[in-house]
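Shown next: work-v3.pdb, given as PDB, C-alpha atoms.
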ATOM      1  CA  MET A   1     -17.179  40.176  20.191  1.00  0.00           C
ATOM      2  CA  ARG A   2     -16.237  38.223  17.134  1.00  0.00           C
ATOM      3  CA  THR A   3     -12.959  38.463  15.367  1.00  0.00           C
ATOM      4  CA  THR A   4     -12.355  37.565  11.766  1.00  0.00           C
ATOM      5  CA  PRO A   5     -10.471  34.330  11.346  1.00  0.00           C
ATOM      6  CA  GLU A   6      -7.194  34.259   9.535  1.00  0.00           C
ATOM      7  CA  GLN A   7      -7.273  33.548   5.867  1.00  0.00           C
ATOM      8  CA  PRO A   8      -7.137  29.813   5.257  1.00  0.00           C
ATOM      9  CA  THR A   9      -3.833  28.648   3.918  1.00  0.00           C
ATOM     10  CA  PRO A  10      -3.750  26.772   0.625  1.00  0.00           C
ATOM     11  CA  SER A  11      -3.931  23.047   1.035  1.00  0.00           C
ATOM     12  CA  GLU A  12      -0.362  21.879   1.158  1.00  0.00           C
ATOM     13  CA  THR A  13       0.871  18.427   1.898  1.00  0.00           C
ATOM     14  CA  GLU A  14       3.750  17.662   4.194  1.00  0.00           C
ATOM     15  CA  PRO A  15       7.092  17.793   2.457  1.00  0.00           C
ATOM     16  CA  ALA A  16       8.527  14.397   1.692  1.00  0.00           C
ATOM     17  CA  SER A  17      11.287  12.979   3.848  1.00  0.00           C
ATOM     18  CA  TRP A  18      13.669  10.102   3.364  1.00  0.00           C
ATOM     19  CA  THR A  19      11.993   8.267   6.232  1.00  0.00           C
ATOM     20  CA  ALA A  20       8.652   8.365   4.408  1.00  0.00           C
ATOM     21  CA  VAL A  21      10.328   7.171   1.203  1.00  0.00           C
ATOM     22  CA  ILE A  22      11.941   4.232   3.024  1.00  0.00           C
ATOM     23  CA  TRP A  23       8.596   3.303   4.625  1.00  0.00           C
ATOM     24  CA  MET A  24       6.838   3.434   1.262  1.00  0.00           C
ATOM     25  CA  ILE A  25       9.507   1.211  -0.292  1.00  0.00           C
ATOM     26  CA  ALA A  26       8.943  -1.227   2.579  1.00  0.00           C
ATOM     27  CA  VAL A  27       5.166  -1.126   1.965  1.00  0.00           C
ATOM     28  CA  ALA A  28       5.742  -1.818  -1.740  1.00  0.00           C
ATOM     29  CA  LEU A  29       8.059  -4.741  -1.023  1.00  0.00           C
ATOM     30  CA  ILE A  30       5.661  -6.215   1.518  1.00  0.00           C
ATOM     31  CA  GLY A  31       2.694  -5.837  -0.845  1.00  0.00           C
ATOM     32  CA  PHE A  32       4.425  -7.398  -3.850  1.00  0.00           C
ATOM     33  CA  GLY A  33       6.058 -10.054  -1.652  1.00  0.00           C
ATOM     34  CA  PHE A  34       2.772 -11.156  -0.119  1.00  0.00           C
ATOM     35  CA  ALA A  35       1.133 -11.155  -3.564  1.00  0.00           C
ATOM     36  CA  ILE A  36       3.787 -13.540  -4.862  1.00  0.00           C
ATOM     37  CA  PHE A  37       3.663 -15.632  -1.680  1.00  0.00           C
ATOM     38  CA  ARG A  38      -0.122 -15.980  -1.773  1.00  0.00           C
ATOM     39  CA  PHE A  39      -0.091 -16.718  -5.509  1.00  0.00           C
ATOM     40  CA  LEU A  40       2.374 -19.558  -4.940  1.00  0.00           C
ATOM     41  CA  GLN A  41       0.321 -20.860  -2.017  1.00  0.00           C
ATOM     42  CA  PHE A  42      -2.953 -20.779  -3.931  1.00  0.00           C
ATOM     43  CA  SER A  43      -1.455 -22.330  -7.053  1.00  0.00           C
ATOM     44  CA  GLN A  44       0.047 -25.206  -5.044  1.00  0.00           C
ATOM     45  CA  ALA A  45      -3.101 -25.729  -2.983  1.00  0.00           C
ATOM     46  CA  ALA A  46      -5.279 -25.698  -6.144  1.00  0.00           C
ATOM     47  CA  GLY A  47      -8.032 -23.818  -4.353  1.00  0.00           C
ATOM     48  CA  ASP A  48      -8.166 -25.994  -1.246  1.00  0.00           C
ATOM     49  CA  LEU A  49      -8.529 -23.462   1.575  1.00  0.00           C
ATOM     50  CA  LYS A  50      -7.821 -26.073   4.252  1.00  0.00           C
ATOM     51  CA  THR A  51      -4.119 -26.140   3.403  1.00  0.00           C
ATOM     52  CA  VAL A  52      -3.741 -22.336   3.278  1.00  0.00           C
ATOM     53  CA  ARG A  53      -3.946 -20.339   6.505  1.00  0.00           C
ATOM     54  CA  LEU A  54      -5.438 -16.894   6.026  1.00  0.00           C
ATOM     55  CA  THR A  55      -5.684 -13.981   8.409  1.00  0.00           C
ATOM     56  CA  ARG A  56      -9.121 -12.743   9.338  1.00  0.00           C
ATOM     57  CA  ILE A  57      -9.012  -9.816   6.905  1.00  0.00           C
ATOM     58  CA  GLU A  58      -7.751 -12.063   4.097  1.00  0.00           C
ATOM     59  CA  LEU A  59     -10.503 -14.560   4.857  1.00  0.00           C
ATOM     60  CA  TYR A  60     -13.218 -11.927   4.372  1.00  0.00           C
ATOM     61  CA  ILE A  61     -11.645 -10.853   1.087  1.00  0.00           C
ATOM     62  CA  TYR A  62     -11.287 -14.505   0.025  1.00  0.00           C
ATOM     63  CA  ARG A  63     -14.938 -15.219   0.740  1.00  0.00           C
ATOM     64  CA  ALA A  64     -16.038 -12.156  -1.231  1.00  0.00           C
ATOM     65  CA  THR A  65     -13.714 -12.349  -4.249  1.00  0.00           C
ATOM     66  CA  GLY A  66     -11.781 -15.601  -4.166  1.00  0.00           C
ATOM     67  CA  HIS A  67      -8.039 -16.049  -4.251  1.00  0.00           C
ATOM     68  CA  TRP A  68      -7.552 -13.503  -7.057  1.00  0.00           C
ATOM     69  CA  GLY A  69      -9.091 -10.823  -4.865  1.00  0.00           C
ATOM     70  CA  VAL A  70      -6.573 -11.501  -2.085  1.00  0.00           C
ATOM     71  CA  ILE A  71      -3.718 -11.327  -4.572  1.00  0.00           C
ATOM     72  CA  ALA A  72      -5.142  -8.138  -6.133  1.00  0.00           C
ATOM     73  CA  VAL A  73      -5.319  -6.396  -2.744  1.00  0.00           C
ATOM     74  CA  PHE A  74      -1.626  -7.076  -2.147  1.00  0.00           C
ATOM     75  CA  ILE A  75      -0.723  -5.906  -5.657  1.00  0.00           C
ATOM     76  CA  ILE A  76      -2.665  -2.675  -5.051  1.00  0.00           C
ATOM     77  CA  MET A  77      -0.778  -2.264  -1.777  1.00  0.00           C
ATOM     78  CA  GLY A  78       2.517  -2.674  -3.634  1.00  0.00           C
ATOM     79  CA  ILE A  79       1.511  -0.187  -6.334  1.00  0.00           C
ATOM     80  CA  PHE A  80       0.444   2.331  -3.683  1.00  0.00           C
ATOM     81  CA  GLY A  81       3.784   2.049  -1.894  1.00  0.00           C
ATOM     82  CA  LEU A  82       5.779   2.247  -5.111  1.00  0.00           C
ATOM     83  CA  TYR A  83       3.847   5.293  -6.348  1.00  0.00           C
ATOM     84  CA  ASN A  84       4.303   7.160  -3.065  1.00  0.00           C
ATOM     85  CA  ALA A  85       7.999   6.257  -2.919  1.00  0.00           C
ATOM     86  CA  ILE A  86       8.578   7.543  -6.456  1.00  0.00           C
ATOM     87  CA  THR A  87       6.694  10.787  -5.839  1.00  0.00           C
ATOM     88  CA  GLY A  88       8.572  11.259  -2.558  1.00  0.00           C
ATOM     89  CA  ILE A  89      11.933  10.788  -4.251  1.00  0.00           C
ATOM     90  CA  ARG A  90      10.959  13.249  -6.999  1.00  0.00           C
ATOM     91  CA  ASP A  91       9.878  15.780  -4.380  1.00  0.00           C
ATOM     92  CA  LEU A  92      13.117  15.412  -2.438  1.00  0.00           C
ATOM     93  CA  ARG A  93      15.239  15.796  -5.569  1.00  0.00           C
ATOM     94  CA  SER A  94      13.327  18.857  -6.760  1.00  0.00           C
ATOM     95  CA  ARG A  95      13.754  20.618  -3.379  1.00  0.00           C
ATOM     96  CA  LYS A  96      17.546  20.228  -3.456  1.00  0.00           C
ATOM     97  CA  GLN A  97      17.906  22.161  -6.703  1.00  0.00           C
TER
END
Can you turn what I pasted into structure tokens?
Amino acid sequence: MRTTPEQPTPSETEPASWTAVIWMIAVALIGFGFAIFRFLQFSQAAGDLKTVRLTRIELYIYRATGHWGVIAVFIIMGIFGLYNAITGIRDLRSRKQ
């Protein structure tokens, strides 16, 4: 015997919390910080990879796109964290009213 399933609920995201906002701010700071750090390292090394130590993931990105690709990935990470932090703060403020 089959029963009819419940009506699917509309797709809702989890409500924002201050913990999520703090984590997203940390992600943004880490992303922008590493972008600045790697930019300074690459500009001082003048493209010599032997003086710059890269993680395995960064090495694959470096081989595919060069040093600007590594910096761009960290900038995208920072933008992602900043965007999610701002939307989380807006959500939290709108729920209080």
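Shortest separation to Gln41 (chain A) among A:Ala20, A:Trp68, A:Leu29, A:Leu82 occurs at residue A:Trp68, atoms counted being all atoms listed in the file.
Here CA of Ile71 (chain A) and CA of Gly88 (chain A) stand 25.8 Å from one another.
Among the candidate residues A:Ile75, A:Ile36, A:Ile86, A:Arg63, the one lying nearest to Ile22 (chain A) is A:Ile86, with distances computed using all atoms listed in the file.
Among the candidates A:Phe74, A:Trp18, A:Tyr60, A:Phe80, the one nearest to Ile30 (chain A) when counting only C-alpha atoms is A:Phe74.
The gap separating CA of Arg56 (chain A) from CA of Phe42 (chain A) is 16.7 Å, in Å to one decimal.
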Looking at A:Ala16, A:Met24, A:Ile57, A:Ala85, which one is nearest to Val70 (chain A), with distances taken over all atoms listed in the file?
-> A:Ile57
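Here CA of His67 (chain A) is placed at a distance of 26.3 Å from CA of Asn84 (chain A).
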Considering only C-alpha atoms, state which residue in the set A:Ala35, A:Val21, A:Leu59, A:Ile76 is at the smallest distance from Asp91 (chain A).
-> A:Val21
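You can rank A:Pro15, A:Tyr83, A:Ile89, A:Val73 by their closest distance to Phe32 (chain A) using all atoms listed in the file, and at the top of that list sits A:Val73.
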